[in-house]
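K.L.:
One file: my_file_39.pdb (PDB, C-alpha atoms, pLDDT in the B column).
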ATOM      1  CA  MET A 756     -18.487  43.348   7.138  1.00 43.00           C
ATOM      2  CA  ARG A 757     -20.052  42.525  10.489  1.00 41.00           C
ATOM      3  CA  LYS A 758     -19.261  39.365  12.446  1.00 41.00           C
ATOM      4  CA  GLY A 759     -22.658  37.767  11.701  1.00 40.00           C
ATOM      5  CA  GLU A 760     -22.305  38.398   7.953  1.00 41.00           C
ATOM      6  CA  LYS A 761     -18.868  36.779   7.903  1.00 40.00           C
ATOM      7  CA  LEU A 762     -20.200  33.683   9.695  1.00 39.00           C
ATOM      8  CA  GLN A 763     -23.109  33.404   7.254  1.00 41.00           C
ATOM      9  CA  ILE A 764     -20.727  33.547   4.289  1.00 43.00           C
ATOM     10  CA  LEU A 765     -18.516  30.850   5.820  1.00 46.00           C
ATOM     11  CA  LEU A 766     -21.527  28.601   6.441  1.00 48.00           C
ATOM     12  CA  SER A 767     -22.796  28.962   2.876  1.00 51.00           C
ATOM     13  CA  MET A 768     -19.541  27.913   1.198  1.00 67.00           C
ATOM     14  CA  LYS A 769     -19.659  24.578  -0.591  1.00 81.00           C
ATOM     15  CA  ASN A 770     -16.960  21.959  -0.247  1.00 88.00           C
ATOM     16  CA  LYS A 771     -14.657  21.052  -3.103  1.00 90.00           C
ATOM     17  CA  PHE A 772     -14.356  17.398  -4.075  1.00 93.00           C
ATOM     18  CA  GLU A 773     -12.767  15.324  -6.830  1.00 95.00           C
ATOM     19  CA  LEU A 774     -13.965  12.191  -8.599  1.00 96.00           C
ATOM     20  CA  GLU A 775     -11.757   9.982 -10.745  1.00 97.00           C
ATOM     21  CA  TYR A 776     -13.001   7.729 -13.529  1.00 97.00           C
ATOM     22  CA  SER A 777     -11.016   5.340 -15.683  1.00 96.00           C
ATOM     23  CA  ILE A 778     -11.823   6.049 -19.337  1.00 95.00           C
ATOM     24  CA  ASN A 779     -10.551   3.717 -22.047  1.00 91.00           C
ATOM     25  CA  SER A 780     -10.079   6.449 -24.646  1.00 93.00           C
ATOM     26  CA  SER A 781      -7.324   8.617 -26.055  1.00 93.00           C
ATOM     27  CA  PRO A 782      -6.929  12.034 -24.381  1.00 95.00           C
ATOM     28  CA  LYS A 783      -7.588  13.736 -27.751  1.00 95.00           C
ATOM     29  CA  ILE A 784     -10.961  12.022 -28.297  1.00 94.00           C
ATOM     30  CA  LEU A 785     -11.962  12.504 -24.654  1.00 96.00           C
ATOM     31  CA  TYR A 786     -11.001  16.188 -24.743  1.00 96.00           C
ATOM     32  CA  THR A 787     -13.327  16.755 -27.697  1.00 95.00           C
ATOM     33  CA  ARG A 788     -16.246  15.342 -25.656  1.00 95.00           C
ATOM     34  CA  LEU A 789     -15.365  17.659 -22.753  1.00 95.00           C
ATOM     35  CA  SER A 790     -14.619  20.914 -24.535  1.00 93.00           C
ATOM     36  CA  THR A 791     -16.942  21.308 -27.532  1.00 91.00           C
ATOM     37  CA  PRO A 792     -20.687  21.975 -27.628  1.00 90.00           C
ATOM     38  CA  GLY A 793     -21.214  18.927 -29.855  1.00 91.00           C
ATOM     39  CA  GLY A 794     -19.202  16.674 -27.572  1.00 93.00           C
ATOM     40  CA  LEU A 795     -20.830  17.945 -24.387  1.00 93.00           C
ATOM     41  CA  SER A 796     -24.343  17.607 -25.838  1.00 92.00           C
ATOM     42  CA  GLU A 797     -23.707  13.883 -26.346  1.00 92.00           C
ATOM     43  CA  TRP A 798     -23.545  13.235 -22.607  1.00 94.00           C
ATOM     44  CA  PHE A 799     -23.644  16.330 -20.386  1.00 93.00           C
ATOM     45  CA  ALA A 800     -26.681  18.359 -21.452  1.00 91.00           C
ATOM     46  CA  ASP A 801     -29.642  18.071 -23.835  1.00 90.00           C
ATOM     47  CA  ASP A 802     -28.352  20.988 -25.881  1.00 91.00           C
ATOM     48  CA  ILE A 803     -25.635  23.606 -25.671  1.00 92.00           C
ATOM     49  CA  ASN A 804     -25.331  27.055 -27.176  1.00 91.00           C
ATOM     50  CA  ILE A 805     -22.062  28.940 -27.143  1.00 91.00           C
ATOM     51  CA  ARG A 806     -21.249  32.618 -27.546  1.00 92.00           C
ATOM     52  CA  GLY A 807     -17.584  33.422 -27.004  1.00 90.00           C
ATOM     53  CA  ASP A 808     -16.564  31.704 -23.781  1.00 89.00           C
ATOM     54  CA  ILE A 809     -20.154  31.558 -22.446  1.00 93.00           C
ATOM     55  CA  TYR A 810     -21.823  28.158 -22.680  1.00 94.00           C
ATOM     56  CA  THR A 811     -25.582  27.876 -22.200  1.00 94.00           C
ATOM     57  CA  PHE A 812     -26.415  24.360 -21.015  1.00 93.00           C
ATOM     58  CA  ILE A 813     -30.007  23.230 -21.559  1.00 92.00           C
ATOM     59  CA  TRP A 814     -31.636  20.426 -19.557  1.00 89.00           C
ATOM     60  CA  ASP A 815     -35.355  19.627 -19.905  1.00 88.00           C
ATOM     61  CA  GLY A 816     -36.057  23.165 -21.076  1.00 84.00           C
ATOM     62  CA  SER A 817     -34.181  24.943 -18.277  1.00 90.00           C
ATOM     63  CA  GLU A 818     -30.968  26.820 -18.995  1.00 91.00           C
ATOM     64  CA  GLN A 819     -27.841  27.512 -17.004  1.00 91.00           C
ATOM     65  CA  GLN A 820     -24.856  29.505 -18.196  1.00 93.00           C
ATOM     66  CA  ALA A 821     -21.181  28.908 -17.477  1.00 93.00           C
ATOM     67  CA  GLU A 822     -18.039  30.635 -18.642  1.00 93.00           C
ATOM     68  CA  GLN A 823     -15.186  28.518 -19.898  1.00 93.00           C
ATOM     69  CA  VAL A 824     -12.418  30.036 -17.769  1.00 93.00           C
ATOM     70  CA  CYS A 825      -9.544  27.680 -18.553  1.00 94.00           C
ATOM     71  CA  LYS A 826      -8.615  25.085 -21.127  1.00 94.00           C
ATOM     72  CA  LYS A 827      -5.452  23.219 -22.033  1.00 96.00           C
ATOM     73  CA  GLN A 828      -5.493  21.136 -25.192  1.00 96.00           C
ATOM     74  CA  ASN A 829      -6.124  17.427 -24.413  1.00 95.00           C
ATOM     75  CA  GLN A 830      -5.638  18.061 -20.671  1.00 96.00           C
ATOM     76  CA  LEU A 831      -8.114  20.349 -18.937  1.00 97.00           C
ATOM     77  CA  VAL A 832     -11.389  22.276 -19.241  1.00 96.00           C
ATOM     78  CA  ARG A 833     -12.798  24.454 -16.432  1.00 96.00           C
ATOM     79  CA  PHE A 834     -16.189  26.181 -16.299  1.00 94.00           C
ATOM     80  CA  LYS A 835     -17.547  28.693 -13.777  1.00 93.00           C
ATOM     81  CA  TRP A 836     -21.297  29.084 -13.381  1.00 90.00           C
ATOM     82  CA  ILE A 837     -22.342  32.639 -14.293  1.00 89.00           C
ATOM     83  CA  ASP A 838     -24.952  32.970 -11.531  1.00 81.00           C
ATOM     84  CA  ASN A 839     -22.582  31.768  -8.804  1.00 76.00           C
ATOM     85  CA  GLU A 840     -20.884  34.509  -6.799  1.00 69.00           C
ATOM     86  CA  ASP A 841     -18.439  32.160  -5.068  1.00 72.00           C
ATOM     87  CA  ASN A 842     -15.196  30.908  -6.559  1.00 79.00           C
ATOM     88  CA  GLU A 843     -16.786  27.558  -7.370  1.00 85.00           C
ATOM     89  CA  TYR A 844     -16.301  25.835 -10.702  1.00 91.00           C
ATOM     90  CA  PHE A 845     -16.444  22.433 -12.305  1.00 93.00           C
ATOM     91  CA  GLU A 846     -13.446  21.033 -14.056  1.00 96.00           C
ATOM     92  CA  PHE A 847     -12.580  18.120 -16.310  1.00 97.00           C
ATOM     93  CA  LYS A 848      -8.945  17.060 -16.119  1.00 97.00           C
ATOM     94  CA  ILE A 849      -7.475  14.292 -18.256  1.00 97.00           C
ATOM     95  CA  HIS A 850      -4.602  12.315 -16.762  1.00 96.00           C
ATOM     96  CA  LYS A 851      -2.625   9.748 -18.736  1.00 94.00           C
ATOM     97  CA  ASP A 852      -0.378   7.436 -16.725  1.00 92.00           C
ATOM     98  CA  GLU A 853       3.029   7.466 -18.397  1.00 89.00           C
ATOM     99  CA  LEU A 854       3.857   3.874 -17.388  1.00 91.00           C
ATOM    100  CA  THR A 855       0.601   2.086 -18.132  1.00 92.00           C
ATOM    101  CA  GLY A 856      -0.970   4.430 -20.681  1.00 90.00           C
ATOM    102  CA  ASP A 857      -4.225   4.357 -18.689  1.00 94.00           C
ATOM    103  CA  VAL A 858      -6.404   7.452 -19.072  1.00 96.00           C
ATOM    104  CA  ALA A 859      -8.367   8.889 -16.166  1.00 97.00           C
ATOM    105  CA  LEU A 860     -10.909  11.689 -16.092  1.00 97.00           C
ATOM    106  CA  ILE A 861     -10.743  13.705 -12.878  1.00 97.00           C
ATOM    107  CA  ILE A 862     -13.777  15.860 -12.149  1.00 97.00           C
ATOM    108  CA  THR A 863     -13.602  18.678  -9.636  1.00 96.00           C
ATOM    109  CA  ASP A 864     -16.892  20.079  -8.338  1.00 94.00           C
ATOM    110  CA  PHE A 865     -18.396  21.736  -5.261  1.00 92.00           C
ATOM    111  CA  ALA A 866     -21.379  20.718  -3.129  1.00 91.00           C
ATOM    112  CA  ASP A 867     -22.909  21.284   0.280  1.00 89.00           C
ATOM    113  CA  ASP A 868     -22.354  18.377   2.657  1.00 88.00           C
ATOM    114  CA  ASP A 869     -26.029  17.377   2.492  1.00 88.00           C
ATOM    115  CA  GLU A 870     -25.994  17.414  -1.336  1.00 89.00           C
ATOM    116  CA  LYS A 871     -22.633  15.740  -1.964  1.00 91.00           C
ATOM    117  CA  ASP A 872     -23.963  12.171  -2.321  1.00 92.00           C
ATOM    118  CA  ASP A 873     -26.643  13.274  -4.800  1.00 92.00           C
ATOM    119  CA  THR A 874     -24.063  15.263  -6.766  1.00 92.00           C
ATOM    120  CA  ILE A 875     -21.749  12.233  -6.921  1.00 94.00           C
ATOM    121  CA  ASP A 876     -24.646  10.051  -8.100  1.00 93.00           C
ATOM    122  CA  LEU A 877     -25.399  12.588 -10.832  1.00 92.00           C
ATOM    123  CA  TRP A 878     -21.769  12.599 -11.987  1.00 94.00           C
ATOM    124  CA  ASN A 879     -21.723   8.792 -11.998  1.00 96.00           C
ATOM    125  CA  ARG A 880     -24.765   8.760 -14.289  1.00 94.00           C
ATOM    126  CA  GLN A 881     -23.257  11.449 -16.518  1.00 94.00           C
ATOM    127  CA  ILE A 882     -19.992   9.517 -16.839  1.00 96.00           C
ATOM    128  CA  ASP A 883     -21.952   6.396 -17.799  1.00 95.00           C
ATOM    129  CA  GLU A 884     -23.494   8.523 -20.588  1.00 94.00           C
ATOM    130  CA  LEU A 885     -20.023   9.733 -21.609  1.00 96.00           C
ATOM    131  CA  LYS A 886     -18.703   6.183 -21.776  1.00 95.00           C
ATOM    132  CA  HIS A 887     -21.706   5.175 -23.879  1.00 94.00           C
ATOM    133  CA  ALA A 888     -21.076   8.134 -26.235  1.00 92.00           C
ATOM    134  CA  LEU A 889     -17.468   6.990 -26.559  1.00 91.00           C
ATOM    135  CA  GLY A 890     -18.618   3.441 -27.389  1.00 89.00           C
ATOM    136  CA  LEU A 891     -17.219   1.979 -24.152  1.00 82.00           C
TER     137      LEU A 891
END
Would you mind giving the structure from this file in structure tokens?

P.N.:
Amino acid sequence: MRKGEKLQILLSMKNKFELEYSINSSPKILYTRLSTPGGLSEWFADDINIRGDIYTFIWDGSEQQAEQVCKKQNQLVRFKWIDNEDNEYFEFKIHKDELTGDVALIITDFADDDEKDDTIDLWNRQIDELKHALGL
């Protein structure tokens, strides 16, 4: 790898960020909305097809595929976009506070600096849809 190629790769890497949302739901019910095609189609995409660990998300007729690379019952689901060569992913992590019983959804995603605000706005809208699907 030449010096210029290495610099270009470093410049193209997206930045990781986390968002936390308070969700008034049990981890079990929330996990179902985050990990199953039926649950995800209620708030995340118009439709979802699944074959093995490959999820095809459909929005307004366009498709994007992601592999479910990690899941822990009632705790965590992680997807990696198939067409992305970097180590980027998006993750849903459920955290229940042991003292208060409050449930939080922590989303990890990646975005370029100039796209981060738009990406956060999109997640905020999606989480509003999730809350609506949960009856909150």

K.L.:
Just checking: using only C-alpha atoms, which residue out of A:Thr855, A:Asn770, A:Gln828, A:Gln819 ends up closest to Thr791 of chain A?

P.N.:
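With only C-alpha atoms as the atom set, the closest residue is A:Gln828.
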
K.L.:
Could you check how far atom CA of Leu885 of chain A sits from atom CA of Trp798 of chain A, in Å to one decimal?

P.N.:
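The value is 5.1 Å.
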
K.L.:
Looking at A:Ile803, A:Ile784, A:Leu889, A:Leu789, which one is nearest to Gln820 of chain A, with distances taken over only C-alpha atoms?

P.N.:
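Closest candidate: A:Ile803.
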
K.L.:
My list of candidates is A:Val832, A:Leu785, A:Ile805, A:Leu774. Which is closest to Ala888 of chain A when distances are computed with all atoms listed in the file?

P.N.:
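Closest residue, counting all atoms listed in the file: A:Leu785.
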
K.L.:
Return as a list of chain:residue names the set of residues that the PyMOL selection byres ((chain A and resi 769) around 6) yields on the displayed structure.

P.N.:
A:Met768, A:Asn770, A:Phe865, A:Ala866, A:Asp867

K.L.:
Using the chain letters and numbering of this document, enumerate as a list in words the residues selected by the PyMOL selection byres ((chain A and resi 825) around 12).

P.N.:
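Taken over the shown coordinates, the PyMOL selection byres ((chain A and resi 825) around 12) returns Ser790, Asp808, Ile809, Ala821, Glu822, Gln823, Val824, Lys826, Lys827, Gln828, Gln830, Leu831, Val832, Arg833, Phe834, Lys835, Tyr844, Phe845, Glu846, Phe847 and Lys848 of chain A.
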
K.L.:
Go ahead and save the residues from that selection, with C-alpha atoms, as a CSV table (one decimal), in the coordinates of the input.

P.N.:
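Below is the file part_4.csv, written as the result:
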chain,number,residue,atom,x,y,z
A,790,SER,CA,-14.6,20.9,-24.5
A,808,ASP,CA,-16.6,31.7,-23.8
A,809,ILE,CA,-20.2,31.6,-22.4
A,821,ALA,CA,-21.2,28.9,-17.5
A,822,GLU,CA,-18.0,30.6,-18.6
A,823,GLN,CA,-15.2,28.5,-19.9
A,824,VAL,CA,-12.4,30.0,-17.8
A,826,LYS,CA,-8.6,25.1,-21.1
A,827,LYS,CA,-5.5,23.2,-22.0
A,828,GLN,CA,-5.5,21.1,-25.2
A,830,GLN,CA,-5.6,18.1,-20.7
A,831,LEU,CA,-8.1,20.3,-18.9
A,832,VAL,CA,-11.4,22.3,-19.2
A,833,ARG,CA,-12.8,24.5,-16.4
A,834,PHE,CA,-16.2,26.2,-16.3
A,835,LYS,CA,-17.5,28.7,-13.8
A,844,TYR,CA,-16.3,25.8,-10.7
A,845,PHE,CA,-16.4,22.4,-12.3
A,846,GLU,CA,-13.4,21.0,-14.1
A,847,PHE,CA,-12.6,18.1,-16.3
A,848,LYS,CA,-8.9,17.1,-16.1

K.L.:
What does the distance from atom CA of Val858 of chain A to atom CA of Trp836 of chain A come to in Å, to one decimal?

P.N.:
26.9 Å

K.L.:
Mind pulling up the distance from atom CA of Ala859 of chain A to atom CA of Trp814 of chain A?

P.N.:
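Computing it gives 26.2 Å between the two atoms.
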